[in-house]
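> If you scroll down you'll find the structure; I have some questions about it.
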Amino acid sequence: MYGVGLVKGMGVTIKHFVNTYVDDLRWFGRRYYNPEAFAVRQSPQAQGIFTVQYPEEKLIMPEEFRYIPFLIYDELEDGTRQDRCTSCGICAKVCPPQCIWIVRSDDPETGRPIPEPSEFFIDIDICMNCGLCSEYCPFEAIRMDHDYEISTYDRFSENIYNKEKLDKPASFYAAVRPLNYAIDEAAIAEKVAKKAAKEAARKQRQAEKDRKTDE
Amino acid sequence: MSEELSNNDNPVPEGLQGQIAITSLDKIYNWSRRSSIWPMMFGLACCAIEMIATAASRYDLARFGMEVLRASPRQADLMIVSGTVTKKMIPIIVRLYNQMPEPKYVLAMGACASGGGPFKEGYNVVSGVDKFVPVDVYIPGCPPTPQALLHGLIKMQEKIDGQSVLEVPWYRSEPIDEIPQPLLGPDLIDPRDIPDFAEKLKAQEERLAAERE
């Protein structure tokens with residue numbers, strides 16, 4: 001018999017259509033723009049249409065979602081910014097599309113390089129969101145952002161991010177990726193502890209050496 | 001709708017409120033223009049998959065009046081360049097752009113279309129479609145998620161909202177020049193110049209000639 005498949009398909013559509021209104025009654029008209037209802041609507045228990053009403057409703061991104069990288073700075077107690085980036089250039093080397101450009105800085109008095117970038121550019125029209133820069137960064141300084149609402153009207157004036165635009169505080173990182181932030185903090189604490197232990201051992205050796213020479 | 005359209009400079013008289021709307025030509029023009037942007041239905045690479053997802057029921061372009069993805073450039077207002085533009089494809093893209101009737105808009109979706117992306121130095125890839133056609137909105141991302149594309153489309157609507165009938169290029173008396181179609185340059189190598197290949201080609205031709213006899 002002809003048309004059975006067609007009727008079945010239309011049946012599915014009509015079921016969704018009717019279910020939408022049934023579901024709306026169940027939520028007392030608060031089916032939309034309501035975080036609770038939105039979570040149910042995006043779950044397997046969804047009834048009726050499940051459209052994400054962007055921009056009023058936005059999907060909650062999983063933590064490992066990645067878009068454009070950002071640089072992390074620590075806020076010191078005296079209020080100054082301490083960049084974690086040391087301008088080592090590993091991220092620029094591993095970047096597959098080569099979209100990172102770092103300008104290293106020199107000490108104005110001695111003229112010797114200091115571990116701090118004076119400028120940091122990422123061309124986000126080249127960036128392929130792979131996250132290799134953040135994987136390879138040995139100083140936990142570059143991490144991937146969640147913000148995807150970054151479309152612009154002009155490419156050259158707005159889409160080449162400089163250090164000012166990339167710099168975000170560590171608290172921002174903690175808010176965006178809490179689990180990763182905890183892992184990073186543990187790694188930093190371990191590094192600091194190792195350094196302290198090394199320093200203590202060196203001092204002890206030095207003291208022993210001094211004592212021997214005294215004798 | 002009437003609130004959206006009404007012009008604050010000319011308030012509606014007391015007795016007529018809710019029955020008429022006083023608006024400017026720009027406002028009603030932009031409102032109708034941005035509420036029915038019909039994109040052209042073509043995809044170039046992986047970004048097209050995200051574009052398809054955006055058009056499907058979960059994100060639903062129909063909420064913005066864009067559900068009619070036209071298969072013909074003659075009926076389209078918006079060209080979503082979704083993906084890597086190869087040197088072989090750019091003449092076709094430019095031709096499609098020329099065939100679109102004004103007003104027409106271009107949206108570069110993803111890193112490849114905006115700046116070449118990972119293939120920016122590739123021998124066969126155009127590093128940024130804006131070298132050939134004027135782009136209105138750039139969406140970074142590789143690929144942009146459906147929500148990022150929707151954000152770009154909303155930006156496009158905002159841009160259209162800011163236009164004025166007196167200033168847009170398509171209502172001037174002088175004709176708008178077509179964009180000249182880019183031609184593929186000469187091949188970087190001709191396989192017939194490579195000795196090994198030339199020998200094989202010659203052998204094949206001889207064999208074919210022998211078979212024919």
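Residue numbering restarts at 1 in every chain; chains get A, B, ... in the order shown in the structure tokens, and ligands count up from 1 in that same order.
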Determine which residues of chain A sit within 10 Å of chain B, taking into account only C-alpha atoms, and present them as a ChimeraX atom specification.
/A:42,49-55,58-59,66-68,95-99,123-130,147-156,159
> Print the selection's residues with C-alpha atoms to a file, as a short mmCIF file (atom, residue, chain, number, x, y, z; two decimals), in the first residue's frame.

data_model
loop_
_atom_site.label_atom_id
_atom_site.label_comp_id
_atom_site.auth_asym_id
_atom_site.auth_seq_id
_atom_site.Cartn_x
_atom_site.Cartn_y
_atom_site.Cartn_z
CA GLN A 42 17.98 18.85 26.55
CA ILE A 49 10.32 20.25 20.43
CA PHE A 50 13.74 20.57 21.98
CA THR A 51 15.03 23.65 20.19
CA VAL A 52 17.66 25.69 22.01
CA GLN A 53 16.16 29.17 22.09
CA TYR A 54 19.48 30.89 21.43
CA PRO A 55 20.29 33.71 22.36
CA LYS A 58 22.44 28.91 25.89
CA LEU A 59 23.73 25.39 26.17
CA ARG A 66 37.58 24.70 23.78
CA TYR A 67 37.48 27.69 21.55
CA ILE A 68 40.13 30.44 21.53
CA CYS A 95 50.86 25.50 17.02
CA PRO A 96 49.89 23.56 13.88
CA PRO A 97 48.58 26.54 11.90
CA GLN A 98 51.29 28.85 13.34
CA CYS A 99 48.94 31.52 14.60
CA ASP A 123 45.30 35.47 14.96
CA ILE A 124 41.98 33.87 15.82
CA ASP A 125 41.12 33.67 12.13
CA ILE A 126 43.91 31.12 11.83
CA CYS A 127 43.54 29.35 15.18
CA MET A 128 42.03 25.89 14.76
CA ASN A 129 41.04 25.43 18.44
CA CYS A 130 43.15 22.27 18.75
CA ASP A 147 33.53 31.99 24.78
CA TYR A 148 32.24 31.39 21.28
CA GLU A 149 30.37 34.67 20.77
CA ILE A 150 33.23 36.45 19.09
CA SER A 151 32.09 37.08 15.52
CA THR A 152 33.15 40.49 14.21
CA TYR A 153 32.67 42.85 11.28
CA ASP A 154 36.33 43.44 10.60
CA ARG A 155 39.02 40.86 10.53
CA PHE A 156 42.23 42.87 10.72
CA ASN A 159 40.37 39.33 15.06
#
> Please, which residues of stretch 82-121 of chain A, numbered as in this document, come out alpha helix (DSSP H) from DSSP, as a ChimeraX atom specification?
/A:90-94
> Which one of A:Asn34, A:Ser157, A:Ser118, A:Gln82 sits closest to A:Ala170 if you count only C-alpha atoms?
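Smallest separation from A:Ala170 among the options: A:Gln82.
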> So which one's closest to A:Pro178, A:Pro62, A:Pro44, A:Asp214, A:Val12? Using only C-alpha atoms, please.
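Checking each candidate against A:Pro178, we get A:Pro62 as the closest.
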> Please provide the set of residues having any atom within 10 Å of A:Glu64, restricted to only C-alpha atoms, with same-chain residues fewer than 4 positions apart removed, written as a short mmCIF file (atom, residue, chain, number, x, y, z; two decimals) with N, CA and C atoms, in the first residue's frame.

data_model
loop_
_atom_site.label_atom_id
_atom_site.label_comp_id
_atom_site.auth_asym_id
_atom_site.auth_seq_id
_atom_site.Cartn_x
_atom_site.Cartn_y
_atom_site.Cartn_z
N MET A 144 42.45 27.15 27.17
CA MET A 144 41.41 27.35 26.16
C MET A 144 40.13 27.93 26.80
N ASP A 145 39.58 28.92 26.11
CA ASP A 145 38.40 29.63 26.61
C ASP A 145 37.13 28.91 26.13
N HIS A 146 36.02 29.27 26.74
CA HIS A 146 34.72 28.73 26.32
C HIS A 146 33.92 29.71 25.47
N VAL A 176 35.82 29.24 34.66
CA VAL A 176 35.49 28.59 33.39
C VAL A 176 35.75 27.10 33.45
N ARG A 177 36.91 26.72 33.97
CA ARG A 177 37.29 25.31 33.98
C ARG A 177 37.73 24.91 35.39
N LEU A 179 37.72 22.09 37.21
CA LEU A 179 38.49 20.85 37.42
C LEU A 179 39.91 21.02 36.92
N ASN A 180 40.05 21.59 35.73
CA ASN A 180 41.38 21.81 35.17
C ASN A 180 42.18 22.76 36.05
#
> Taking the chain letters and numbering used in this document, name the residues of chain B that DSSP puts in strand (DSSP E or B), as an NGL selection string.
:B and (39-40 or 70 or 78-82 or 86 or 105-109 or 125 or 137-139)
> So what do you get for atom CA of B:Gly65 versus atom CA of B:Gln99, distance-wise?
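Atom CA of B:Gln99 lies 22.1 Å from atom CA of B:Gly65.
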